[in-house]
Amino acid sequence: MHDFCPRAARNLAAVRQHQPLIHNITNLVVMNVTANALLAAGASPVMAHSPDEVEEMVALARALVLNIGTLTSEWVATMIKAARKANALERPVVLDPVGAGATGLRTRAARQILEAAAVTVIRGNASEIMALDQGTATTRGVDSVHGVNDAAASAARLAQRLGVVVAVTGATDLVTDGAREVRVANGHPLMGRITGSGCTATALIAAFLAVDPDPLSAAATALAFFGLAGEQAGAAAAAPGSFQVALLDALYTLGPEALQEESRFA
């Protein structure tokens with residue numbers, strides 16, 4: 001997996017050079033967090049949810065994020081409309097099925113989106129990925145009650161069945177396209193003590209997809225970048241409040257050279 005280290009560096013450099021516009025249809029809790037994270041990483045975020053403009057906005061963007069964290073049935077229709085436009089324009093689409101398995105609405109919505117449009121990457125925690133695959137897994141609200149290894153088989157099945165890349169995030173992340181599997185060991189425990197860390201990972205995957213034609217490589221290298229930024233933030237902060245600020249700073253200051261040297265893939 002050593003070739004992923006230089007890929008990570010190249011992808012980060014490309015994001016900063018090209019500053020791709022990332023269209024986010026995301027939840028109300030994390031809009032500010034993910035917008036600032038994308039800006040710090042070098043991308044350009046837009047948060048546009050109106051069904052009257054999403055097709056135009058998708059046409060301007062280089063990737064689309066669909067995040068069901070604060071879900072309404074109206075938003076599902078808008079997400080499908082945006083995703084179909086992205087498909088027509090061959091733009092990558094990332095789905096974050098927040099809380100799938102917690103309620104019927106969330107599980108149905110995620111599956112409805114997957115049935116109605118093509119998705120490039122699904123990024124979720126272990127319980128969410130198992131719920132999409134099995135329909136029976138449960139979550140504690142939006143938090144996982146399973147470990148990444150518990151979801152490995154579900155991730156591979158889901159990837160094969162849908163023709164997508166599945167990224168399962170946790171203490172060690174797992175990324176698979178059903179044939180290949182990559183583990184990403186970068187990260188810090190405080191990333192689980194702030195809101196929006198998973199949603200931020202999803203947005204960063206979209207930014208890397210905008211510059212990397214291989215979805216597995218884009219997802220794995222984006223997670224290494226985010227995880228290493230978390231490690232640097234954890235070295236500078238002792239508690240969640242200061243960690244949030246330090247994480248944003250690390251996303252801005254972490255360079256391609258350090259990312260190549262300190263990314264941990266297996």
# chains A, B, ... in the order shown; residues from 1 in each chain; ligands from 1
>>> residues_around(residues="Val211 in chain A", least_positions_apart="5", cutoff="7 Å", atoms="only C-alpha atoms", output="PyMOL selection string")
chain A and resi 11+14-15
>>> write_last_selection(atoms="N, CA and C atoms", output="mmCIF file, in the first residue's frame")
data_model
loop_
_atom_site.group_PDB
_atom_site.id
_atom_site.type_symbol
_atom_site.label_atom_id
_atom_site.label_comp_id
_atom_site.auth_asym_id
_atom_site.auth_seq_id
_atom_site.Cartn_x
_atom_site.Cartn_y
_atom_site.Cartn_z
ATOM 1 N N ASN A 11 -2.866 14.150 -4.356
ATOM 2 C CA ASN A 11 -4.262 14.577 -4.277
ATOM 3 C C ASN A 11 -4.414 15.864 -3.478
ATOM 4 N N ALA A 14 -3.232 18.700 -5.535
ATOM 5 C CA ALA A 14 -4.170 19.003 -6.618
ATOM 6 C C ALA A 14 -5.391 19.754 -6.105
ATOM 7 N N VAL A 15 -5.887 19.366 -4.930
ATOM 8 C CA VAL A 15 -7.019 20.090 -4.340
ATOM 9 C C VAL A 15 -6.641 21.547 -4.117
#
>>> closest_atom_pairs(of="range 102-186 of chain A", to="range 85-95 of chain A", cutoff="7 Å", atoms="only C-alpha atoms", output="CSV")
residue,atom,partner,partner_atom,distance
A:Ala118,CA,A:Asn87,CA,6.5
A:Val119,CA,A:Val93,CA,5.1
A:Thr120,CA,A:Val93,CA,5.1
A:Val121,CA,A:Val94,CA,4.8
A:Ile122,CA,A:Leu95,CA,4.8
A:Arg123,CA,A:Leu95,CA,6.3
>>> write_last_selection(atoms="C-alpha atoms", output="PDB file, in the first residue's frame")
ATOM      1  CA  ALA A 118     -25.704   6.282  -9.032  1.00  0.00           C
ATOM      2  CA  VAL A 119     -23.397   7.030  -6.118  1.00  0.00           C
ATOM      3  CA  THR A 120     -19.604   6.940  -6.311  1.00  0.00           C
ATOM      4  CA  VAL A 121     -18.726   6.539  -2.616  1.00  0.00           C
ATOM      5  CA  ILE A 122     -20.759   5.704   0.485  1.00  0.00           C
ATOM      6  CA  ARG A 123     -19.100   6.914   3.706  1.00  0.00           C
TER       7      ARG A 123
END
>>> residues_around(residues="Pro215 in chain A", least_positions_apart="5", cutoff="9 Å", atoms="only C-alpha atoms", output="VMD selection string")
chain A and resid 92 120 to 121 164 to 165 177 205 208 to 209 220
>>> write_last_selection(atoms="C-alpha atoms", output="PDB file, in the first residue's frame")
ATOM      1  CA  PRO A  92     -18.812  12.038  -8.492  1.00  0.00           C
ATOM      2  CA  THR A 120     -19.604   6.940  -6.311  1.00  0.00           C
ATOM      3  CA  VAL A 121     -18.726   6.539  -2.616  1.00  0.00           C
ATOM      4  CA  VAL A 164     -19.530   1.729  -5.457  1.00  0.00           C
ATOM      5  CA  VAL A 165     -16.679   2.337  -3.048  1.00  0.00           C
ATOM      6  CA  ASP A 177     -14.657  -1.474  -3.824  1.00  0.00           C
ATOM      7  CA  ILE A 205     -13.632  12.557   0.231  1.00  0.00           C
ATOM      8  CA  PHE A 208     -10.351  14.351  -3.306  1.00  0.00           C
ATOM      9  CA  LEU A 209     -12.765  12.702  -5.764  1.00  0.00           C
ATOM     10  CA  ALA A 220      -8.513   6.337   1.283  1.00  0.00           C
TER      11      ALA A 220
END
>>> residues_around(residues="Ala185 in chain A", least_positions_apart="2", cutoff="9 Å", atoms="only C-alpha atoms", output="list of chain:residue names")
A:Ala171, A:Thr172, A:Asp173, A:Arg183, A:Gly187, A:Ala224, A:Gly227, A:Ser263, A:Arg264, A:Phe265, A:Ala266
>>> write_last_selection(atoms="C-alpha atoms", output="short mmCIF file (atom, residue, chain, number, x, y, z; two decimals), in the first residue's frame")
data_model
loop_
_atom_site.label_atom_id
_atom_site.label_comp_id
_atom_site.auth_asym_id
_atom_site.auth_seq_id
_atom_site.Cartn_x
_atom_site.Cartn_y
_atom_site.Cartn_z
CA ALA A 171 -10.57 3.83 14.93
CA THR A 172 -9.04 2.35 11.77
CA ASP A 173 -10.89 3.14 8.55
CA ARG A 183 -7.12 0.22 5.83
CA GLY A 187 -6.64 9.48 13.47
CA ALA A 224 -5.51 9.65 5.70
CA GLY A 227 -6.81 11.43 10.22
CA SER A 263 0.06 8.43 6.12
CA ARG A 264 -0.50 4.88 7.35
CA PHE A 265 -2.14 2.49 4.90
CA ALA A 266 -2.44 -1.29 5.13
#
>>> residues_around(residues="Pro45 in chain A", least_positions_apart="3", cutoff="10 Å", atoms="only C-alpha atoms", output="list in words")
Gln19, Pro20, Leu21, Ile22, His23, Asn24, Met31, Thr34, Ala35, Asn36, Ala37, Leu38, Leu39, Gly42, Ala48, Ala61, Ala203 and Ala207 of chain A
>>> residues_around(residues="Thr78 in chain A", least_positions_apart="2", cutoff="9 Å", atoms="only C-alpha atoms", output="mmCIF file with N, CA and C atoms, in the first residue's frame")
data_model
loop_
_atom_site.group_PDB
_atom_site.id
_atom_site.type_symbol
_atom_site.label_atom_id
_atom_site.label_comp_id
_atom_site.auth_asym_id
_atom_site.auth_seq_id
_atom_site.Cartn_x
_atom_site.Cartn_y
_atom_site.Cartn_z
ATOM 1 N N ILE A 25 -25.279 19.075 -0.104
ATOM 2 C CA ILE A 25 -26.642 19.068 0.428
ATOM 3 C C ILE A 25 -26.521 18.305 1.735
ATOM 4 N N HIS A 49 -29.535 23.937 -1.176
ATOM 5 C CA HIS A 49 -30.541 22.914 -0.913
ATOM 6 C C HIS A 49 -31.849 23.115 -1.668
ATOM 7 N N SER A 50 -32.035 24.258 -2.279
ATOM 8 C CA SER A 50 -33.302 24.522 -2.951
ATOM 9 C C SER A 50 -33.455 23.650 -4.191
ATOM 10 N N PRO A 51 -34.592 22.965 -4.327
ATOM 11 C CA PRO A 51 -34.797 22.162 -5.540
ATOM 12 C C PRO A 51 -34.824 23.002 -6.804
ATOM 13 N N ASP A 52 -35.033 24.306 -6.654
ATOM 14 C CA ASP A 52 -35.106 25.190 -7.814
ATOM 15 C C ASP A 52 -33.736 25.543 -8.392
ATOM 16 N N VAL A 54 -30.652 23.300 -7.553
ATOM 17 C CA VAL A 54 -29.603 22.286 -7.356
ATOM 18 C C VAL A 54 -29.014 21.791 -8.670
ATOM 19 N N SER A 73 -38.476 14.587 4.031
ATOM 20 C CA SER A 73 -38.819 13.917 2.776
ATOM 21 C C SER A 73 -38.581 14.835 1.583
ATOM 22 N N GLU A 74 -38.760 16.154 1.791
ATOM 23 C CA GLU A 74 -38.513 17.102 0.705
ATOM 24 C C GLU A 74 -37.037 17.112 0.312
ATOM 25 N N TRP A 75 -36.159 17.003 1.309
ATOM 26 C CA TRP A 75 -34.724 16.991 1.018
ATOM 27 C C TRP A 75 -34.331 15.750 0.231
ATOM 28 N N VAL A 76 -34.987 14.624 0.506
ATOM 29 C CA VAL A 76 -34.667 13.406 -0.235
ATOM 30 C C VAL A 76 -34.922 13.613 -1.724
ATOM 31 N N ILE A 80 -32.097 13.449 -4.742
ATOM 32 C CA ILE A 80 -32.207 12.591 -5.920
ATOM 33 C C ILE A 80 -32.102 13.423 -7.197
ATOM 34 N N LYS A 81 -32.758 14.563 -7.206
ATOM 35 C CA LYS A 81 -32.693 15.460 -8.367
ATOM 36 C C LYS A 81 -31.255 15.887 -8.643
ATOM 37 N N ALA A 82 -30.545 16.267 -7.583
ATOM 38 C CA ALA A 82 -29.152 16.688 -7.730
ATOM 39 C C ALA A 82 -28.268 15.530 -8.180
ATOM 40 N N ALA A 83 -28.476 14.353 -7.594
ATOM 41 C CA ALA A 83 -27.650 13.198 -7.939
ATOM 42 C C ALA A 83 -27.843 12.786 -9.391
#
>>> closest_residue(among="A:Val175, A:Ala59, A:Ala167, A:Ala77", to="Ala109 in chain A", atoms="only C-alpha atoms")
A:Ala77
>>> closest_residue(among="A:Ser197, A:Thr103, A:Gln232, A:Asn125", to="Ala250 in chain A", atoms="only C-alpha atoms")
A:Gln232
>>> closest_residue(among="A:Leu114, A:Ala233, A:Met57, A:Ala201", to="Asp249 in chain A", atoms="only C-alpha atoms")
A:Ala233
>>> atom_distance(atom1="CA of Gly255 in chain A", atom2="CA of Asn186 in chain A")
15.3 Å
>>> residues_around(residues="range 235-246 of chain A", least_positions_apart="2", cutoff="10 Å", atoms="only C-alpha atoms", output="mmCIF file with C-alpha atoms, in the first residue's frame")
data_model
loop_
_atom_site.group_PDB
_atom_site.id
_atom_site.type_symbol
_atom_site.label_atom_id
_atom_site.label_comp_id
_atom_site.auth_asym_id
_atom_site.auth_seq_id
_atom_site.Cartn_x
_atom_site.Cartn_y
_atom_site.Cartn_z
ATOM 1 C CA VAL A 33 -18.031 22.802 10.225
ATOM 2 C CA HIS A 188 -7.062 10.642 17.061
ATOM 3 C CA LEU A 190 -10.770 13.332 20.170
ATOM 4 C CA MET A 191 -12.170 13.158 16.637
ATOM 5 C CA GLY A 192 -14.986 11.120 18.149
ATOM 6 C CA ARG A 193 -15.707 13.778 20.778
ATOM 7 C CA ILE A 194 -16.682 16.600 18.419
ATOM 8 C CA THR A 195 -19.724 16.932 16.204
ATOM 9 C CA SER A 197 -16.165 14.577 12.214
ATOM 10 C CA ALA A 229 -4.774 16.384 10.681
ATOM 11 C CA GLY A 230 -6.557 14.914 13.696
ATOM 12 C CA GLU A 231 -3.281 13.556 15.039
ATOM 13 C CA GLN A 232 -1.623 16.942 14.696
ATOM 14 C CA ALA A 233 -4.589 18.647 16.350
ATOM 15 C CA LEU A 248 -9.213 23.328 11.394
ATOM 16 C CA ASP A 249 -5.720 24.788 11.616
ATOM 17 C CA ALA A 250 -4.155 21.397 10.872
ATOM 18 C CA LEU A 251 -6.299 20.936 7.768
ATOM 19 C CA TYR A 252 -4.865 24.244 6.563
#
>>> select_by_dssp(residues="range 133-260 of chain A", states="strand (DSSP E or B)", output="PyMOL selection string")
chain A and resi 140+143+165-168+173-176+181-184
>>> write_last_selection(atoms="N, CA and C atoms", output="tab-separated table (two decimals), in the first residue's frame")
chain	number	residue	atom	x	y	z
A	140	ARG	N	-27.01	3.92	17.76
A	140	ARG	CA	-27.41	4.72	18.91
A	140	ARG	C	-27.52	6.16	18.44
A	143	ASP	N	-24.66	7.47	16.23
A	143	ASP	CA	-23.39	6.87	16.62
A	143	ASP	C	-23.42	5.36	16.38
A	165	VAL	N	-17.67	2.46	-4.11
A	165	VAL	CA	-16.68	2.34	-3.05
A	165	VAL	C	-17.37	2.62	-1.73
A	166	VAL	N	-17.09	1.80	-0.74
A	166	VAL	CA	-17.65	1.97	0.60
A	166	VAL	C	-16.52	2.28	1.56
A	167	ALA	N	-16.66	3.37	2.30
A	167	ALA	CA	-15.68	3.76	3.32
A	167	ALA	C	-16.34	3.66	4.68
A	168	VAL	N	-15.81	2.79	5.53
A	168	VAL	CA	-16.31	2.61	6.89
A	168	VAL	C	-15.31	3.27	7.82
A	173	ASP	N	-9.90	3.08	9.63
A	173	ASP	CA	-10.89	3.14	8.55
A	173	ASP	C	-10.68	2.00	7.57
A	174	LEU	N	-11.78	1.58	6.95
A	174	LEU	CA	-11.76	0.54	5.92
A	174	LEU	C	-12.38	1.11	4.66
A	175	VAL	N	-11.70	0.94	3.54
A	175	VAL	CA	-12.21	1.41	2.25
A	175	VAL	C	-12.15	0.24	1.28
A	176	THR	N	-13.27	-0.05	0.60
A	176	THR	CA	-13.31	-1.19	-0.30
A	176	THR	C	-14.17	-0.90	-1.51
A	181	GLU	N	-9.25	-3.75	-0.88
A	181	GLU	CA	-9.54	-3.23	0.45
A	181	GLU	C	-8.31	-2.50	0.98
A	182	VAL	N	-8.52	-1.32	1.53
A	182	VAL	CA	-7.44	-0.52	2.11
A	182	VAL	C	-7.85	-0.15	3.53
A	183	ARG	N	-6.90	-0.25	4.46
A	183	ARG	CA	-7.12	0.22	5.83
A	183	ARG	C	-6.30	1.50	6.03
A	184	VAL	N	-6.89	2.45	6.73
A	184	VAL	CA	-6.23	3.72	7.02
A	184	VAL	C	-6.16	3.89	8.53
>>> closest_residue(among="A:Arg16, A:Arg161, A:Arg62, A:His146", to="Ala206 in chain A", atoms="only C-alpha atoms")
A:Arg62
